[in-house]
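For reference, input.txt is printed below; it contains compact mmCIF, C-alpha atoms.
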```txt
# COMPACT_ATOMS: atom_id res chain seq x y z
CA MET L 30 -42.47 3.58 -77.12
CA THR L 31 -40.79 1.89 -80.12
CA LYS L 32 -43.19 0.12 -82.42
CA PRO L 33 -42.48 -3.66 -82.57
CA GLU L 34 -40.89 -4.94 -85.76
CA PRO L 35 -43.40 -6.83 -87.96
CA LEU L 36 -43.14 -10.56 -87.31
CA PRO L 37 -42.22 -11.53 -90.91
CA ASP L 38 -39.37 -8.99 -90.88
CA ALA L 39 -38.18 -10.22 -87.48
CA ILE L 40 -38.10 -13.82 -88.69
CA ARG L 41 -36.14 -12.90 -91.83
CA ARG L 42 -33.68 -10.71 -89.92
CA THR L 43 -33.09 -13.34 -87.23
CA ARG L 44 -32.59 -16.07 -89.81
CA ARG L 45 -30.02 -14.02 -91.69
CA SER L 46 -28.25 -13.06 -88.46
CA ALA L 47 -27.98 -16.77 -87.65
CA GLY L 48 -26.37 -17.37 -91.05
CA LEU L 49 -29.15 -19.69 -92.22
CA THR L 50 -30.54 -19.94 -95.74
CA LEU L 51 -34.26 -20.33 -96.40
CA ARG L 52 -33.69 -23.96 -97.31
CA GLU L 53 -31.67 -24.68 -94.14
CA LEU L 54 -34.26 -23.21 -91.79
CA ALA L 55 -37.13 -24.82 -93.71
CA GLY L 56 -35.37 -28.17 -93.31
CA ARG L 57 -35.17 -27.71 -89.54
CA LEU L 58 -38.91 -27.01 -89.44
CA ALA L 59 -39.89 -29.81 -91.86
CA ILE L 60 -41.67 -27.35 -94.14
CA SER L 61 -40.97 -26.31 -97.71
CA PRO L 62 -38.74 -23.31 -98.54
CA ALA L 63 -41.76 -21.86 -100.38
CA THR L 64 -43.84 -21.89 -97.19
CA LEU L 65 -41.06 -20.26 -95.21
CA SER L 66 -40.63 -17.61 -97.91
CA ALA L 67 -44.35 -16.89 -97.75
CA ILE L 68 -44.08 -16.45 -93.96
CA GLU L 69 -41.14 -14.05 -94.28
CA ASN L 70 -42.99 -12.02 -96.90
CA GLY L 71 -46.19 -11.80 -94.88
CA LYS L 72 -48.19 -13.85 -97.39
CA THR L 73 -49.18 -16.54 -94.88
CA GLY L 74 -49.65 -16.35 -91.15
CA VAL L 75 -47.93 -18.17 -88.31
CA SER L 76 -49.69 -20.41 -85.82
CA VAL L 77 -48.66 -20.35 -82.17
CA GLU L 78 -47.07 -23.79 -82.49
CA ARG L 79 -45.06 -22.78 -85.54
CA LEU L 80 -43.95 -19.52 -83.92
CA HIS L 81 -42.39 -21.47 -81.06
CA ALA L 82 -40.84 -23.95 -83.51
CA LEU L 83 -39.36 -21.04 -85.47
CA ALA L 84 -37.97 -19.47 -82.33
CA GLY L 85 -36.37 -22.73 -81.24
CA ALA L 86 -34.80 -23.30 -84.65
CA LEU L 87 -33.42 -19.76 -84.62
CA GLY L 88 -32.07 -19.97 -81.08
CA THR L 89 -34.39 -17.31 -79.68
CA THR L 90 -37.82 -17.06 -78.05
CA ALA L 91 -41.28 -16.39 -79.42
CA ALA L 92 -41.52 -13.24 -77.29
CA GLN L 93 -38.28 -11.87 -78.77
CA LEU L 94 -39.49 -12.52 -82.30
CA MET L 95 -42.75 -10.74 -81.48
CA GLY L 96 -40.82 -7.77 -80.06
CA ASP L 97 -42.26 -7.87 -76.55
CA ALA L 98 -41.65 -9.56 -73.23
CA GLY L 99 -44.38 -12.13 -73.76
CA THR L 100 -46.41 -10.79 -70.83
CA THR L 101 -48.90 -13.37 -69.62
CA SER L 102 -52.54 -12.41 -69.43
CA ALA L 103 -55.06 -13.47 -66.80
CA ARG L 104 -56.14 -16.29 -69.10
CA GLY L 105 -52.63 -17.67 -69.28
CA HIS L 106 -51.76 -16.67 -72.86
CA SER L 107 -48.79 -14.46 -73.65
CA THR L 108 -49.20 -11.23 -75.61
CA ALA L 109 -47.23 -12.87 -78.41
CA ASP L 110 -49.56 -15.87 -78.50
CA ARG L 111 -52.67 -13.69 -78.64
CA ARG L 112 -51.23 -11.57 -81.43
CA VAL L 113 -50.31 -14.61 -83.54
CA ARG L 114 -53.73 -16.16 -83.08
CA THR L 115 -55.34 -12.95 -84.22
CA SER L 116 -53.11 -12.66 -87.26
CA ARG L 117 -53.77 -16.28 -88.34
CA ARG L 118 -57.49 -16.21 -87.55
CA GLU L 119 -57.38 -19.90 -86.75
CA SER L 120 -57.86 -22.32 -83.91
CA PRO L 121 -54.78 -22.81 -81.72
CA GLY L 122 -55.45 -26.53 -82.00
CA ALA L 123 -54.78 -26.73 -85.75
CA ALA L 124 -52.13 -29.32 -86.57
CA THR L 125 -48.77 -28.12 -87.88
CA ALA L 126 -45.85 -29.88 -89.50
CA ALA L 127 -43.57 -28.78 -86.69
CA THR L 128 -45.62 -30.63 -84.06
CA GLN L 129 -46.18 -33.73 -86.20
CA SER L 130 -42.67 -34.14 -87.57
CA ALA L 131 -41.47 -35.96 -84.46
CA GLY L 132 -43.89 -38.80 -85.20
CA ASP L 133 -43.84 -41.94 -87.35
CA TRP L 134 -44.44 -41.10 -91.01
CA ARG L 135 -46.50 -44.28 -91.41
CA VAL L 136 -48.91 -43.35 -88.59
CA PHE L 137 -51.86 -41.06 -89.33
CA PRO L 138 -53.60 -39.75 -86.21
CA SER L 139 -56.67 -37.58 -86.62
CA LEU L 140 -55.85 -33.99 -87.46
CA ARG L 141 -56.93 -31.39 -84.94
CA ILE L 142 -58.70 -28.98 -87.28
CA ASP L 143 -60.99 -26.17 -86.18
CA PRO L 144 -64.72 -26.59 -87.00
CA VAL L 145 -64.76 -23.95 -89.74
CA LEU L 146 -61.88 -25.48 -91.67
CA ALA L 147 -63.30 -28.98 -91.19
CA ALA L 148 -66.63 -27.80 -92.60
CA ALA L 149 -64.90 -26.11 -95.53
CA ILE L 150 -62.95 -29.28 -96.36
CA ASP L 151 -66.16 -31.33 -96.34
CA SER L 152 -67.88 -28.72 -98.51
CA PHE L 153 -65.04 -28.54 -101.04
CA VAL L 154 -65.06 -32.33 -101.39
CA GLU L 155 -68.84 -32.53 -101.68
CA THR L 156 -69.66 -29.53 -103.89
CA GLY L 157 -66.30 -28.22 -105.09
CA TYR L 158 -64.75 -24.89 -104.19
CA HIS L 159 -67.05 -22.86 -106.43
CA GLY L 160 -70.14 -24.70 -105.24
CA ALA L 161 -69.45 -23.90 -101.60
CA THR L 162 -70.36 -20.56 -100.03
CA MET L 163 -69.31 -18.95 -96.79
CA ARG L 164 -72.92 -19.25 -95.61
CA SER L 165 -73.15 -22.98 -96.43
CA ILE L 166 -69.81 -23.60 -94.70
CA ALA L 167 -71.01 -21.66 -91.63
CA GLU L 168 -74.18 -23.74 -91.49
CA ARG L 169 -72.18 -26.96 -91.75
CA ALA L 170 -69.86 -25.75 -88.96
CA GLY L 171 -72.81 -24.79 -86.74
CA MET L 172 -71.68 -21.16 -86.62
CA SER L 173 -73.04 -17.80 -87.62
CA VAL L 174 -71.58 -16.19 -90.72
CA PRO L 175 -70.17 -13.24 -88.69
CA GLY L 176 -68.65 -15.74 -86.24
CA MET L 177 -66.95 -17.57 -89.08
CA TYR L 178 -65.47 -14.35 -90.46
CA HIS L 179 -63.80 -13.89 -87.09
CA HIS L 180 -61.62 -16.88 -87.96
CA TYR L 181 -61.24 -16.64 -91.76
CA ARG L 182 -61.57 -13.58 -93.93
CA ASP L 183 -62.88 -15.39 -97.03
CA LYS L 184 -63.31 -18.70 -98.83
CA GLN L 185 -59.92 -18.38 -100.53
CA GLU L 186 -58.17 -18.33 -97.16
CA LEU L 187 -59.95 -21.55 -96.23
CA LEU L 188 -58.76 -23.23 -99.42
CA VAL L 189 -55.21 -22.00 -98.91
CA ARG L 190 -55.20 -23.25 -95.32
CA ALA L 191 -56.39 -26.70 -96.44
CA LEU L 192 -53.67 -26.90 -99.07
CA ASP L 193 -51.02 -25.65 -96.63
CA LEU L 194 -52.01 -28.45 -94.25
CA THR L 195 -51.58 -30.92 -97.09
CA MET L 196 -48.22 -29.64 -98.27
CA ASP L 197 -46.70 -29.20 -94.81
CA GLU L 198 -47.64 -32.75 -93.85
CA LEU L 199 -46.46 -34.19 -97.16
CA HIS L 200 -43.07 -32.47 -96.84
CA TRP L 201 -42.25 -33.88 -93.42
CA ARG L 202 -43.61 -37.35 -94.14
CA VAL L 203 -41.81 -37.72 -97.47
CA ARG L 204 -38.51 -36.49 -96.02
CA ALA L 205 -38.83 -38.75 -92.99
CA ALA L 206 -39.49 -41.72 -95.29
CA ARG L 207 -36.54 -40.87 -97.53
CA ASP L 208 -34.20 -40.54 -94.58
CA GLN L 209 -34.89 -44.14 -93.55
CA GLY L 210 -33.44 -45.45 -96.82
CA THR L 211 -29.86 -46.64 -97.09
CA GLY L 212 -29.58 -46.46 -100.88
CA GLY L 213 -31.18 -44.74 -103.84
CA ILE L 214 -33.55 -47.55 -104.78
CA GLU L 215 -34.74 -48.02 -101.20
CA ARG L 216 -35.28 -44.28 -100.81
CA VAL L 217 -37.34 -44.16 -104.01
CA GLY L 218 -39.56 -46.97 -102.73
CA LEU L 219 -40.03 -45.30 -99.35
CA ILE L 220 -40.92 -41.95 -100.92
CA VAL L 221 -43.58 -43.60 -103.09
CA GLU L 222 -44.90 -45.49 -100.07
CA ALA L 223 -45.19 -42.21 -98.13
CA LEU L 224 -47.00 -40.51 -101.02
CA ALA L 225 -49.45 -43.39 -101.42
CA LEU L 226 -50.13 -43.57 -97.68
CA TYR L 227 -50.88 -39.87 -97.53
CA HIS L 228 -53.23 -39.92 -100.51
CA THR L 229 -55.24 -42.77 -98.99
CA HIS L 230 -55.22 -41.87 -95.28
CA ARG L 231 -55.82 -38.16 -96.00
CA ARG L 232 -58.09 -38.76 -98.95
CA GLU L 233 -60.26 -35.65 -98.51
CA LEU L 234 -57.38 -33.20 -98.25
CA ALA L 235 -55.52 -34.95 -101.07
CA PHE L 236 -58.64 -34.81 -103.25
CA ILE L 237 -58.86 -31.04 -102.77
CA GLY L 238 -55.16 -30.70 -103.57
CA ALA L 239 -55.63 -32.56 -106.83
CA SER L 240 -58.85 -30.87 -107.92
CA GLU L 241 -58.79 -27.28 -106.68
CA MET L 242 -55.39 -25.86 -107.69
CA ARG L 243 -57.22 -24.03 -110.47
CA SER L 244 -59.33 -22.23 -107.84
CA LEU L 245 -56.34 -20.56 -106.19
CA GLU L 246 -55.57 -16.93 -106.81
CA PRO L 247 -52.37 -16.49 -108.86
CA ALA L 248 -49.99 -15.72 -105.98
CA ASN L 249 -51.33 -18.60 -103.90
CA ARG L 250 -51.22 -20.96 -106.87
CA ALA L 251 -47.58 -20.07 -107.56
CA ARG L 252 -46.57 -20.71 -103.95
CA ILE L 253 -48.39 -24.05 -103.64
CA THR L 254 -47.12 -25.14 -107.06
CA ASP L 255 -43.56 -24.44 -105.95
CA SER L 256 -44.15 -26.49 -102.81
CA ARG L 257 -45.45 -29.41 -104.88
CA ASN L 258 -42.50 -29.12 -107.22
CA GLN L 259 -40.09 -29.44 -104.29
CA ILE L 260 -41.51 -32.88 -103.52
CA GLN L 261 -41.22 -33.88 -107.17
CA TYR L 262 -37.60 -32.73 -107.25
CA LEU L 263 -36.89 -34.75 -104.12
CA LEU L 264 -38.22 -37.88 -105.85
CA ASP L 265 -36.28 -37.00 -109.02
CA ASP L 266 -33.04 -36.68 -107.05
CA GLU L 267 -33.42 -40.13 -105.53
CA ILE L 268 -34.28 -41.66 -108.90
CA ASP L 269 -31.08 -40.11 -110.29
CA ALA L 270 -29.11 -41.49 -107.35
CA ALA L 271 -30.48 -45.00 -107.91
CA ILE L 272 -29.64 -44.80 -111.62
CA ALA L 273 -26.10 -43.69 -110.76
CA GLU L 274 -25.80 -46.69 -108.42
CA GLY L 275 -26.89 -49.01 -111.21
CA SER L 276 -30.06 -50.04 -109.36
CA LEU L 277 -32.49 -48.56 -111.92
CA THR L 278 -32.25 -48.65 -115.69
CA THR L 279 -34.96 -46.33 -117.03
CA ARG L 280 -33.89 -44.13 -119.93
CA HIS L 281 -36.61 -41.59 -119.16
CA PRO L 282 -36.30 -40.78 -115.44
CA ARG L 283 -38.21 -37.46 -115.52
CA ASP L 284 -41.17 -38.89 -117.41
CA ALA L 285 -41.23 -41.90 -115.11
CA GLY L 286 -40.98 -39.71 -112.00
CA ARG L 287 -43.98 -37.65 -113.04
CA ALA L 288 -45.97 -40.74 -113.93
CA ILE L 289 -45.27 -42.13 -110.46
CA SER L 290 -46.38 -38.90 -108.77
CA THR L 291 -49.56 -38.77 -110.86
CA MET L 292 -50.26 -42.40 -109.98
CA CYS L 293 -50.19 -41.44 -106.30
CA THR L 294 -52.15 -38.18 -106.58
CA SER L 295 -54.95 -39.96 -108.45
CA LEU L 296 -55.58 -42.35 -105.54
CA PRO L 297 -58.25 -40.13 -103.87
CA GLN L 298 -60.39 -40.44 -107.01
CA TRP L 299 -61.06 -44.12 -106.45
CA PHE L 300 -59.68 -45.33 -103.12
CA ARG L 301 -62.16 -46.06 -100.33
CA ILE L 302 -61.09 -46.81 -96.78
CA ASP L 303 -63.73 -49.58 -96.58
CA GLY L 304 -62.60 -51.11 -99.88
CA PRO L 305 -60.83 -54.44 -100.40
CA SER L 306 -57.30 -53.02 -99.96
CA SER L 307 -55.89 -51.12 -96.99
CA PRO L 308 -53.76 -47.98 -97.37
CA GLU L 309 -50.73 -50.05 -96.36
CA GLN L 310 -51.40 -52.66 -99.04
CA ILE L 311 -51.87 -49.99 -101.68
CA ALA L 312 -48.68 -48.20 -100.59
CA ALA L 313 -46.60 -51.40 -100.79
CA GLU L 314 -48.04 -52.23 -104.23
CA TYR L 315 -47.43 -48.70 -105.55
CA ALA L 316 -43.82 -48.81 -104.38
CA ARG L 317 -43.37 -52.03 -106.37
CA PHE L 318 -45.17 -50.56 -109.38
CA ALA L 319 -42.87 -47.52 -109.28
CA LEU L 320 -39.68 -49.54 -109.11
CA ASP L 321 -40.87 -51.78 -111.98
CA LEU L 322 -41.64 -48.68 -114.05
CA LEU L 323 -38.16 -47.35 -113.32
CA GLY L 324 -36.50 -50.57 -114.48
CA GLN L 325 -35.48 -52.16 -111.25
CA GLY L 326 -32.69 -54.62 -111.90
```

Is it possible to express this structure as structure tokens?
Amino acid sequence: MTKPEPLPDAIRRTRRSAGLTLRELAGRLAISPATLSAIENGKTGVSVERLHALAGALGTTAAQLMGDAGTTSARGHSTADRRVRTSRRESPGAATAATQSAGDWRVFPSLRIDPVLAAAIDSFVETGYHGATMRSIAERAGMSVPGMYHHYRDKQELLVRALDLTMDELHWRVRAARDQGTGGIERVGLIVEALALYHTHRRELAFIGASEMRSLEPANRARITDSRNQIQYLLDDEIDAAIAEGSLTTRHPRDAGRAISTMCTSLPQWFRIDGPSSPEQIAAEYARFALDLLGQG
């Protein structure tokens, strides 16, 4: 019997056969090209939800990508689904950008995160990545250490998963916000609003993203950094468009763009959901601050 083609290779081959670039397919999935590249190179796994989203975007089926007929087991899960869950070592209920991207970018429902990852996020916020241990995370999750290793192979994988959740959600929300704008200046304001909303509504994840990049292993740090840069470039492009339209007058667009991003990423350091301002108020104010900084006419 012929051995099935590895999933990353099948995804890459099918994408190329469809005549799609990494950027084009990533756009259909509302994820960054860096994340898709990591999937195709076997550096990050694929959830069941994302597998089906990939298949739909490529005009095929999950079973065909997995190289089998998707035989259904007695418990109702296909062979492909079981294999993907095993390779990702995560809960099938974990939220993905593909499933969220159909929603309103201003609405923040609770994320469906498995207990181990939820415990890790709490631990990283409370004690920092280096202060947390697999044993302390297991205790917080109410699991045994061996049981936790069934889902995640080490603490680094937990950190990477938390940052992937952050970046995937940021990419679809920021793009959805931008796409609502009818001109460069409006798109800039909407992007800043989306960034501020995320960094207040998802304060814990955003805090980890701002404080634990240094804890990533080199390959993971390079991939997440590239993903972050893609959002910065998206903001830079809209600033340039607004300047070209005559709507903004700044003489230092790159410096201003990075100052605006830093303004948003610093929100988790001081914002409190029970404070005097709501996330929506903060987001509206930050959009105005950004446009003033950029020399709105």

Original post:
What is the distance, in Å and to one decimal place, between CA of Gly286 in chain L and CA of Tyr158 in chain L?
Top reply: 29.1 Å

**OP:** Step by step: start from the point (-35.4, -42.6, -117.0) in the file's coordinates, keep every protein, DNA or RNA residue that has an atom no farther than 9 Å from it, count all atoms listed in the file, and write the set as a PyMOL selection string.
**Re:** chain L and resi 268-269+272+277-286+323-324

Subject >> Separation of CA of Arg79 in chain L from CA of Leu58 in chain L, in Å and rounded to one decimal >> reply: 8.4 Å

Original post:
Between L:Ala271, L:Arg141, L:Ile260, L:Trp299, which is the closest to Thr211 in chain L once you count only C-alpha atoms?
Top reply: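 Of L:Ala271, L:Arg141, L:Ile260, L:Trp299, the one nearest Thr211 in chain L is L:Ala271, counting only C-alpha atoms.
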
List every protein, DNA or RNA residue with an atom no more than 8 Å from (-63.3, -30.7, -105.3) in the file's coordinates, counting only C-alpha atoms, and format the result as a PDB file with C-alpha atoms, in the coordinates of the input.
```pdb
ATOM      1  CA  PHE L 153     -65.040 -28.540-101.040  1.00  0.00           C
ATOM      2  CA  VAL L 154     -65.060 -32.330-101.390  1.00  0.00           C
ATOM      3  CA  GLU L 155     -68.840 -32.530-101.680  1.00  0.00           C
ATOM      4  CA  THR L 156     -69.660 -29.530-103.890  1.00  0.00           C
ATOM      5  CA  GLY L 157     -66.300 -28.220-105.090  1.00  0.00           C
ATOM      6  CA  TYR L 158     -64.750 -24.890-104.190  1.00  0.00           C
ATOM      7  CA  PHE L 236     -58.640 -34.810-103.250  1.00  0.00           C
ATOM      8  CA  ILE L 237     -58.860 -31.040-102.770  1.00  0.00           C
ATOM      9  CA  SER L 240     -58.850 -30.870-107.920  1.00  0.00           C
ATOM     10  CA  GLU L 241     -58.790 -27.280-106.680  1.00  0.00           C
TER      11      GLU L 241
END
```

Subject >> Option closest in space to Lys184 in chain L, from L:Met172, L:Ile68, L:Val221, L:Leu245 [counting all atoms listed in the file] >> reply: L:Leu245

**OP:** Work out how far apart CA of Met95 in chain L and CA of Tyr178 in chain L are and give it in Å to one decimal.
**Re:** 24.7 Å

Subject >> Residue neighbourhood range 197-208 of chain L, 7 Å, all atoms listed in the file, exclusion window fewer than 3 positions, as a PyMOL selection string >> reply: chain L and resi 59-61+126+130+134+193-194+216+219-220+223-224+260

Subject >> Contacts of Pro297 in chain L at 12 Å (all atoms listed in the file; same-chain gap of 2+ positions) as a count of residues only >> reply: 29

**OP:** Mind checking which residues fall within 12 Å of Thr43 in chain L, counting all atoms listed in the file, ignoring those fewer than 5 positions away in the same chain, and posting them as a list of chain:residue names?
**Re:**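 Here the qualifying residues turn out to be L:Glu34, L:Leu36, L:Pro37, L:Asp38, L:Gly48, L:Leu49, L:Thr50, L:Leu51, L:Leu54, L:Glu69, L:Leu83, L:Ala84, L:Gly85, L:Ala86, L:Leu87, L:Gly88, L:Thr89, L:Thr90, L:Ala91, L:Gln93, L:Leu94, L:Met95, L:Gly96.
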
Subject >> Residue among L:Asn258, L:Ser290, L:Ser306, L:Ser276 lying closest to Gln325 in chain L, counting all atoms listed in the file >> reply: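 With all atoms listed in the file as the atom set, the closest residue is L:Ser276.
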
Is it possible to get the axis-aligned box enclosing range 255-266 of chain L (all listed atoms, 3 Å extra per side) as JSON, with centre and edge lengths in Å rounded to one decimal?
```
{"center_x": -39.2, "center_y": -31.2, "center_z": -105.9, "size_x": 18.4, "size_y": 19.4, "size_z": 12.2}
```

Original post:
Contacts of Ile253 in chain L at 8 Å or less, counting all atoms listed in the file, minus same-chain residues fewer than 2 places along, as a PyMOL selection string?
Top reply: chain L and resi 63+192-193+196+249-251+255-257

Original post:
For Tyr181 in chain L, which residue among L:Pro247, L:Val145, L:Asp133, L:Arg164 is the nearest when counting all atoms listed in the file?
Top reply: L:Val145

**OP:** Could you give me, as a list in words, the residues within 7 Å of Glu267 in chain L, counting all atoms listed in the file and dropping anything in the same chain fewer than 3 positions from it?
**Re:**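 Contacts, with the query itself left out: Gly213, Arg216, Val217, Leu263, Leu264, Ala270 and Ala271 of chain L.
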